[in-house]
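> Okay, so here is data-v2.tsv, and as you'll see once you scroll down, it has TSV, C-alpha atoms.
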chain	number	residue	atom	x	y	z
A	1	MET	CA	108.91	112.97	72.21
A	2	ARG	CA	108.28	110.79	75.26
A	3	LYS	CA	104.73	109.79	76.15
A	4	THR	CA	103.22	110.03	79.62
A	5	ALA	CA	102.02	107.37	82.07
A	6	LEU	CA	100.72	106.87	85.60
A	7	VAL	CA	101.50	103.55	87.31
A	8	THR	CA	100.00	102.78	90.72
A	9	GLY	CA	101.49	100.40	93.28
A	10	ALA	CA	104.81	100.98	91.58
A	11	THR	CA	107.44	100.13	94.20
A	12	ARG	CA	107.04	96.37	94.55
A	13	GLY	CA	106.52	93.21	92.54
A	14	ILE	CA	104.44	93.56	89.39
A	15	GLY	CA	104.09	97.33	89.70
A	16	ARG	CA	107.82	97.90	89.98
A	17	ALA	CA	108.50	95.74	86.93
A	18	ILE	CA	105.78	97.52	84.94
A	19	ALA	CA	107.06	100.97	85.94
A	20	ALA	CA	110.57	100.08	84.79
A	21	THR	CA	109.33	98.60	81.52
A	22	VAL	CA	107.08	101.57	80.73
A	23	PHE	CA	109.87	104.04	81.55
A	24	GLN	CA	112.31	102.13	79.34
A	25	SER	CA	109.70	102.13	76.56
A	26	GLY	CA	109.77	105.92	76.23
A	27	PHE	CA	107.22	107.17	78.76
A	28	ASP	CA	107.70	109.91	81.33
A	29	LEU	CA	106.20	108.63	84.55
A	30	LEU	CA	104.18	109.53	87.59
A	31	VAL	CA	104.43	106.65	90.04
A	32	THR	CA	102.56	106.22	93.27
A	33	ALA	CA	102.73	103.92	96.29
A	34	ARG	CA	102.41	104.37	100.04
A	35	SER	CA	106.11	104.78	100.89
A	36	HIS	CA	107.84	107.98	99.78
A	37	ASP	CA	111.26	106.43	100.53
A	38	ASP	CA	110.55	103.44	98.29
A	39	LEU	CA	109.32	105.76	95.54
A	40	SER	CA	112.49	107.84	95.77
A	41	THR	CA	114.64	104.71	95.52
A	42	LEU	CA	112.69	103.57	92.46
A	43	SER	CA	113.01	107.02	90.86
A	44	ASP	CA	116.79	107.09	91.38
A	45	GLU	CA	117.21	103.61	89.90
A	46	LEU	CA	115.10	104.33	86.82
A	47	LYS	CA	116.72	107.71	86.11
A	48	HIS	CA	120.14	106.06	86.33
A	49	GLU	CA	119.03	103.61	83.63
A	50	VAL	CA	117.30	106.19	81.41
A	51	PRO	CA	118.83	109.62	82.12
A	52	GLU	CA	116.73	111.39	79.49
A	53	GLY	CA	113.47	110.32	81.09
A	54	THR	CA	111.44	112.21	83.68
A	55	ILE	CA	109.85	110.52	86.68
A	56	HIS	CA	107.61	112.09	89.30
A	57	VAL	CA	106.59	110.46	92.58
A	58	VAL	CA	103.62	110.95	94.90
A	59	ALA	CA	103.11	108.94	98.07
A	60	ALA	CA	99.47	107.98	98.61
A	61	ASP	CA	97.17	105.37	100.10
A	62	LEU	CA	94.69	104.72	97.30
A	63	SER	CA	92.27	102.98	99.63
A	64	LEU	CA	91.44	106.55	100.73
A	65	ILE	CA	89.26	108.46	98.25
A	66	GLU	CA	90.93	111.77	99.14
A	67	ASP	CA	94.30	110.30	98.12
A	68	VAL	CA	92.83	108.99	94.86
A	69	LYS	CA	91.65	112.49	94.01
A	70	ARG	CA	94.96	114.00	95.13
A	71	VAL	CA	96.96	111.67	92.86
A	72	ALA	CA	94.64	112.38	89.93
A	73	GLY	CA	94.92	116.12	90.46
A	74	HIS	CA	98.70	115.91	90.66
A	75	CYS	CA	98.76	113.88	87.45
A	76	MET	CA	96.56	116.41	85.63
A	77	ARG	CA	98.85	119.26	86.68
A	78	LEU	CA	101.93	117.39	85.46
A	79	PHE	CA	100.49	115.94	82.25
A	80	SER	CA	97.76	117.70	80.32
A	81	THR	CA	97.81	114.61	78.09
A	82	LEU	CA	97.97	111.13	79.61
A	83	ASP	CA	98.82	108.28	77.26
A	84	LEU	CA	98.77	105.36	79.69
A	85	LEU	CA	97.15	104.54	83.02
A	86	VAL	CA	98.16	101.29	84.74
A	87	ASN	CA	95.95	100.41	87.69
A	88	ASN	CA	98.14	97.94	89.53
A	89	ALA	CA	97.88	98.84	93.23
A	90	GLY	CA	96.13	96.10	95.15
A	91	THR	CA	95.96	94.09	98.33
A	92	ALA	CA	94.67	90.67	99.38
A	93	LEU	CA	93.66	88.65	102.41
A	94	SER	CA	93.24	84.91	102.86
A	95	LYS	CA	90.82	83.71	105.53
A	96	PRO	CA	87.43	82.01	105.89
A	97	ILE	CA	84.51	84.23	104.93
A	98	GLY	CA	83.24	84.30	108.51
A	99	ASP	CA	86.45	85.93	109.72
A	100	TYR	CA	86.45	89.10	107.60
A	101	SER	CA	85.65	92.42	109.22
A	102	VAL	CA	83.86	95.37	107.66
A	103	GLU	CA	87.13	97.30	107.87
A	104	GLU	CA	88.93	94.59	105.87
A	105	TRP	CA	86.13	94.53	103.28
A	106	ASN	CA	86.37	98.30	102.85
A	107	ARG	CA	90.15	98.37	102.52
A	108	VAL	CA	90.36	95.56	99.94
A	109	MET	CA	87.40	96.75	97.86
A	110	ASN	CA	88.44	100.40	98.09
A	111	LEU	CA	91.98	99.74	96.90
A	112	ASN	CA	91.31	97.01	94.34
A	113	ALA	CA	88.08	98.32	92.78
A	114	ARG	CA	87.11	101.81	93.93
A	115	ALA	CA	90.51	103.41	93.36
A	116	PRO	CA	90.76	102.35	89.67
A	117	PHE	CA	87.15	103.45	89.07
A	118	PHE	CA	87.65	106.97	90.36
A	119	LEU	CA	91.19	107.40	88.99
A	120	ILE	CA	89.80	106.67	85.55
A	121	GLN	CA	86.89	109.02	86.13
A	122	GLU	CA	89.17	111.86	87.24
A	123	LEU	CA	91.75	111.28	84.49
A	124	LEU	CA	89.40	110.94	81.52
A	125	PRO	CA	90.03	114.54	80.33
A	126	ALA	CA	93.79	113.91	80.11
A	127	LEU	CA	93.35	110.45	78.56
A	128	GLY	CA	90.97	111.98	76.03
A	129	GLN	CA	93.72	114.34	74.87
A	130	SER	CA	95.90	111.41	73.79
A	131	LYS	CA	95.65	109.97	70.30
A	132	GLN	CA	96.49	106.45	71.54
A	133	ALA	CA	95.42	106.35	75.19
A	134	LYS	CA	95.42	103.00	76.98
A	135	ILE	CA	94.12	101.89	80.35
A	136	ILE	CA	95.57	98.64	81.68
A	137	ASN	CA	93.93	97.15	84.75
A	138	VAL	CA	95.99	94.48	86.48
A	139	GLY	CA	93.62	91.75	87.53
A	140	SER	CA	94.28	88.20	88.64
A	141	VAL	CA	93.36	84.61	87.94
A	142	VAL	CA	90.63	85.24	90.53
A	143	SER	CA	89.11	87.88	88.25
A	144	LYS	CA	87.26	84.87	86.80
A	145	LYS	CA	87.82	82.09	89.31
A	146	GLY	CA	87.23	81.59	93.00
A	147	TYR	CA	89.46	79.89	95.54
A	148	THR	CA	88.88	78.78	99.11
A	149	HIS	CA	89.53	81.55	101.66
A	150	GLN	CA	89.82	84.18	98.90
A	151	ALA	CA	86.20	85.37	98.76
A	152	LEU	CA	87.01	89.02	99.43
A	153	TYR	CA	89.98	89.18	97.05
A	154	ALA	CA	87.97	87.41	94.34
A	155	ALA	CA	85.04	89.79	94.82
A	156	SER	CA	87.31	92.80	94.37
A	157	LYS	CA	89.01	91.43	91.25
A	158	HIS	CA	85.69	90.35	89.73
A	159	ALA	CA	84.55	93.95	90.26
A	160	LEU	CA	87.63	95.29	88.48
A	161	TYR	CA	87.05	92.84	85.62
A	162	GLY	CA	83.46	94.03	85.22
A	163	LEU	CA	84.61	97.65	85.28
A	164	THR	CA	87.16	96.89	82.56
A	165	LYS	CA	84.62	95.24	80.27
A	166	SER	CA	82.11	98.07	80.61
A	167	LEU	CA	84.76	100.75	80.13
A	168	ALA	CA	86.11	99.05	77.02
A	169	ARG	CA	82.70	99.52	75.41
A	170	GLU	CA	82.05	102.99	76.81
A	171	LEU	CA	85.44	104.44	75.87
A	172	HIS	CA	85.80	102.69	72.50
A	173	GLU	CA	84.27	105.60	70.57
A	174	LYS	CA	86.62	108.00	72.34
A	175	GLY	CA	89.63	106.06	71.05
A	176	ILE	CA	90.71	104.95	74.53
A	177	GLN	CA	91.63	101.26	74.68
A	178	THR	CA	90.96	99.39	77.92
A	179	HIS	CA	92.73	96.13	78.72
A	180	THR	CA	93.01	93.70	81.60
A	181	VAL	CA	96.01	91.50	82.35
A	182	MET	CA	95.18	88.55	84.61
A	183	PRO	CA	98.19	86.63	85.90
A	184	GLY	CA	98.16	83.54	88.05
A	185	GLY	CA	100.71	83.08	90.84
A	186	VAL	CA	103.42	85.74	90.53
A	187	GLU	CA	106.59	85.89	92.62
A	188	THR	CA	105.53	88.65	95.03
A	189	GLU	CA	105.10	89.16	98.76
A	190	MET	CA	101.33	88.84	98.25
A	191	ILE	CA	101.47	85.35	96.78
A	192	ARG	CA	103.63	84.08	99.64
A	193	SER	CA	100.92	85.05	102.11
A	194	MET	CA	98.01	83.91	99.94
A	195	ARG	CA	99.42	80.68	98.42
A	196	PRO	CA	102.40	79.39	100.42
A	197	ASP	CA	101.70	75.96	98.88
A	198	ILE	CA	103.01	77.03	95.45
A	199	LYS	CA	106.66	76.17	94.86
A	200	GLU	CA	108.74	79.32	94.41
A	201	ASN	CA	110.44	78.00	91.27
A	202	GLU	CA	107.00	77.63	89.62
A	203	LEU	CA	105.90	81.24	90.13
A	204	ILE	CA	105.59	83.73	87.28
A	205	SER	CA	108.22	86.46	87.31
A	206	PRO	CA	106.98	90.08	87.64
A	207	LYS	CA	109.10	90.87	84.58
A	208	GLU	CA	107.09	88.36	82.55
A	209	VAL	CA	103.90	90.25	83.41
A	210	ALA	CA	105.63	93.54	82.55
A	211	GLU	CA	106.57	92.14	79.13
A	212	VAL	CA	102.88	91.53	78.43
A	213	VAL	CA	102.24	95.19	79.30
A	214	ARG	CA	105.06	96.19	76.93
A	215	PHE	CA	103.36	94.18	74.19
A	216	LEU	CA	100.04	95.96	74.81
A	217	ILE	CA	101.48	99.48	74.82
A	218	ASN	CA	103.31	98.80	71.56
A	219	MET	CA	100.17	97.68	69.72
A	220	HIS	CA	98.97	100.50	67.45
A	221	GLY	CA	97.59	98.70	64.41
A	222	ASN	CA	94.19	97.28	63.53
A	223	ALA	CA	94.37	94.46	66.07
A	224	ALA	CA	92.97	94.98	69.57
A	225	ILE	CA	93.26	92.83	72.69
A	226	ASP	CA	90.69	93.03	75.46
A	227	GLU	CA	92.22	90.66	78.00
A	228	ILE	CA	95.26	88.48	78.52
A	229	SER	CA	95.29	85.60	80.98
A	230	ILE	CA	98.68	84.35	82.15
A	231	ARG	CA	99.09	80.98	83.87
A	232	ARG	CA	102.05	79.29	85.47
A	233	SER	CA	103.67	76.96	82.94
A	234	SER	CA	103.50	74.15	85.49
A	235	LYS	CA	99.69	74.33	85.52
A	236	GLU	CA	97.59	72.29	83.13
A	237	PRO	CA	96.57	74.36	80.06
A	238	TRP	CA	93.09	75.92	80.28
A	239	SER	CA	92.81	74.93	83.93
Show the structure stored in the file as C-alpha cells.


Amino acid sequence: MRKTALVTGATRGIGRAIAATVFQSGFDLLVTARSHDDLSTLSDELKHEVPEGTIHVVAADLSLIEDVKRVAGHCMRLFSTLDLLVNNAGTALSKPIGDYSVEEWNRVMNLNARAPFFLIQELLPALGQSKQAKIINVGSVVSKKGYTHQALYAASKHALYGLTKSLARELHEKGIQTHTVMPGGVETEMIRSMRPDIKENELISPKEVAEVVRFLINMHGNAAIDEISIRRSSKEPWS
C-alpha cells in the first residue's frame, strides 16, 4: 500500500527533485506550485515513470493565507492520513537592507515561514493518523548563517529553523518526526539571482538534496535525525 505525501513548491529545482524521489519511493502525492501548467507537466512525467502511483495537483500561491488553507483542505479531503509533509516552497531577494519594501518583507516571510506554520497546523489531524508521519522543512545555509544583502531571506529561514526545533519537541510525543534539511548553493534559478559569483560546476544538484530526503523518509528504526546541513564540496569543511 502506497503512503501519502504533500510537497510544496514542487515544479522547479529542489521541489521537483523531491517530488519525483518521494513518488518513486512509494508515496501517492499532492503537489502544489503557482503554475497549473507546470504542475500538469510534472504529473504527466511522474505517472509515466510510475504508472501505479497517484498524483494530484493544486495550483496555489502559498504567500496568501487563503491559499494555504485551501491546499490544506484539499489535502485533507484527498488523504485522511498524511504520512509526509515537505515544506519546500520558498522565495528570496538579494539587496541592501535599506532597499526592502514592506510588500517584499510580507511576501518572503509569508511564503518561507508563515505558510509552513499554518500548513502544519491545518494538517496535524491527518499527520496524527499516520504511524510514521514526518515533516521535512527545507531550509538553507542561511537558516544559521547570515550573508550580505540577504537579511530578509536569512530572517525567514531562521524563522523556519526555529519553528522546526520547537515542533520537533512538541510533536515528539505524538510520534511525528520533524526534520530540517539545510543545503548550501543548489543549482536552481534562485541561486543564480542570489549568488551569481558561485561557479555553476560547484553547485549542489537538486537530486543530491532529494537523496537526503529519501534517506530521511526511509529511516524507521531507533535512530532519529533532527537536521542535516549540506555544503558544496568545494567549500572548506565546517565553514

> Which residue, A:Thr21, A:Gln129, A:Ile136, A:Lys235, has the smallest gap to Asn87 in chain A when you use only C-alpha atoms?

A:Ile136

> For a cutoff of 6 Å around the file-coordinate point (103.0, 112.4, 83.7), which residues qualify once you count all atoms listed in the file? I'd like the result as an MDAnalysis selection string.

chainID A and resid 4:5 28:30 75 78:79

> Tell me which protein, DNA and RNA residues are within 9 Å of Ser156 in chain A, counting all atoms listed in the file, leaving out same-chain ones fewer than 2 positions away, and put them as a PDB file with C-alpha atoms, in the coordinates of the input.


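And here's out.pdb as it stands now:
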ATOM      1  CA  VAL A 108      90.360  95.560  99.940  1.00  0.00           C
ATOM      2  CA  MET A 109      87.400  96.750  97.860  1.00  0.00           C
ATOM      3  CA  ASN A 110      88.440 100.400  98.090  1.00  0.00           C
ATOM      4  CA  LEU A 111      91.980  99.740  96.900  1.00  0.00           C
ATOM      5  CA  ASN A 112      91.310  97.010  94.340  1.00  0.00           C
ATOM      6  CA  ALA A 113      88.080  98.320  92.780  1.00  0.00           C
ATOM      7  CA  SER A 143      89.110  87.880  88.250  1.00  0.00           C
ATOM      8  CA  ALA A 151      86.200  85.370  98.760  1.00  0.00           C
ATOM      9  CA  LEU A 152      87.010  89.020  99.430  1.00  0.00           C
ATOM     10  CA  TYR A 153      89.980  89.180  97.050  1.00  0.00           C
ATOM     11  CA  ALA A 154      87.970  87.410  94.340  1.00  0.00           C
ATOM     12  CA  HIS A 158      85.690  90.350  89.730  1.00  0.00           C
ATOM     13  CA  ALA A 159      84.550  93.950  90.260  1.00  0.00           C
ATOM     14  CA  LEU A 160      87.630  95.290  88.480  1.00  0.00           C
ATOM     15  CA  TYR A 161      87.050  92.840  85.620  1.00  0.00           C
TER      16      TYR A 161
END

> With range 205-215 of chain A as the partner and 12 Å as the cut-off, tabulate the residues of range 20-113 of chain A that qualify, each row holding the nearest pair of atoms and their distance in Å to one decimal, using only C-alpha atoms, sorted by chain and rising number, as a tab-separated table.


residue	atom	partner	partner_atom	distance
A:Ala20	CA	A:Ala210	CA	8.5
A:Thr21	CA	A:Ala210	CA	6.4
A:Val22	CA	A:Arg214	CA	6.9
A:Phe23	CA	A:Arg214	CA	10.3
A:Gln24	CA	A:Arg214	CA	9.7
A:Ser25	CA	A:Arg214	CA	7.5
A:Gly26	CA	A:Arg214	CA	10.8
A:Phe27	CA	A:Arg214	CA	11.3
A:Leu84	CA	A:Val213	CA	10.8
A:Leu85	CA	A:Val213	CA	11.3
A:Val86	CA	A:Val213	CA	9.1
A:Asn87	CA	A:Val213	CA	11.7
A:Asn88	CA	A:Ala210	CA	11.1

> Taking 4 positions as the minimum chain separation for residues in the same chain, which residues sit within 9 Å of Leu82 in chain A when counting all atoms listed in the file? Answer as an NGL selection string.

:A and (3-6 or 75-76 or 123-130 or 133-134)

> Neighbouring residues of Ser43 in chain A were defined as those with any atom within 8 Å, considering all atoms listed in the file; residues of the same chain fewer than 4 positions away were excluded. Please report them as an mmCIF file with C-alpha atoms, keeping the file's coordinate frame.


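Saved as part03.cif:
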data_model
loop_
_atom_site.group_PDB
_atom_site.id
_atom_site.type_symbol
_atom_site.label_atom_id
_atom_site.label_comp_id
_atom_site.auth_asym_id
_atom_site.auth_seq_id
_atom_site.Cartn_x
_atom_site.Cartn_y
_atom_site.Cartn_z
ATOM 1 C CA LEU A 39 109.320 105.760 95.540
ATOM 2 C CA LYS A 47 116.720 107.710 86.110
ATOM 3 C CA ILE A 55 109.850 110.520 86.680
ATOM 4 C CA HIS A 56 107.610 112.090 89.300
ATOM 5 C CA VAL A 57 106.590 110.460 92.580
#

> State, in Å with one decimal place, the distance from CA of Gly98 in chain A to CA of Ala155 in chain A.

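Going from CA of Gly98 in chain A over to CA of Ala155 in chain A, I get 14.9 Å.
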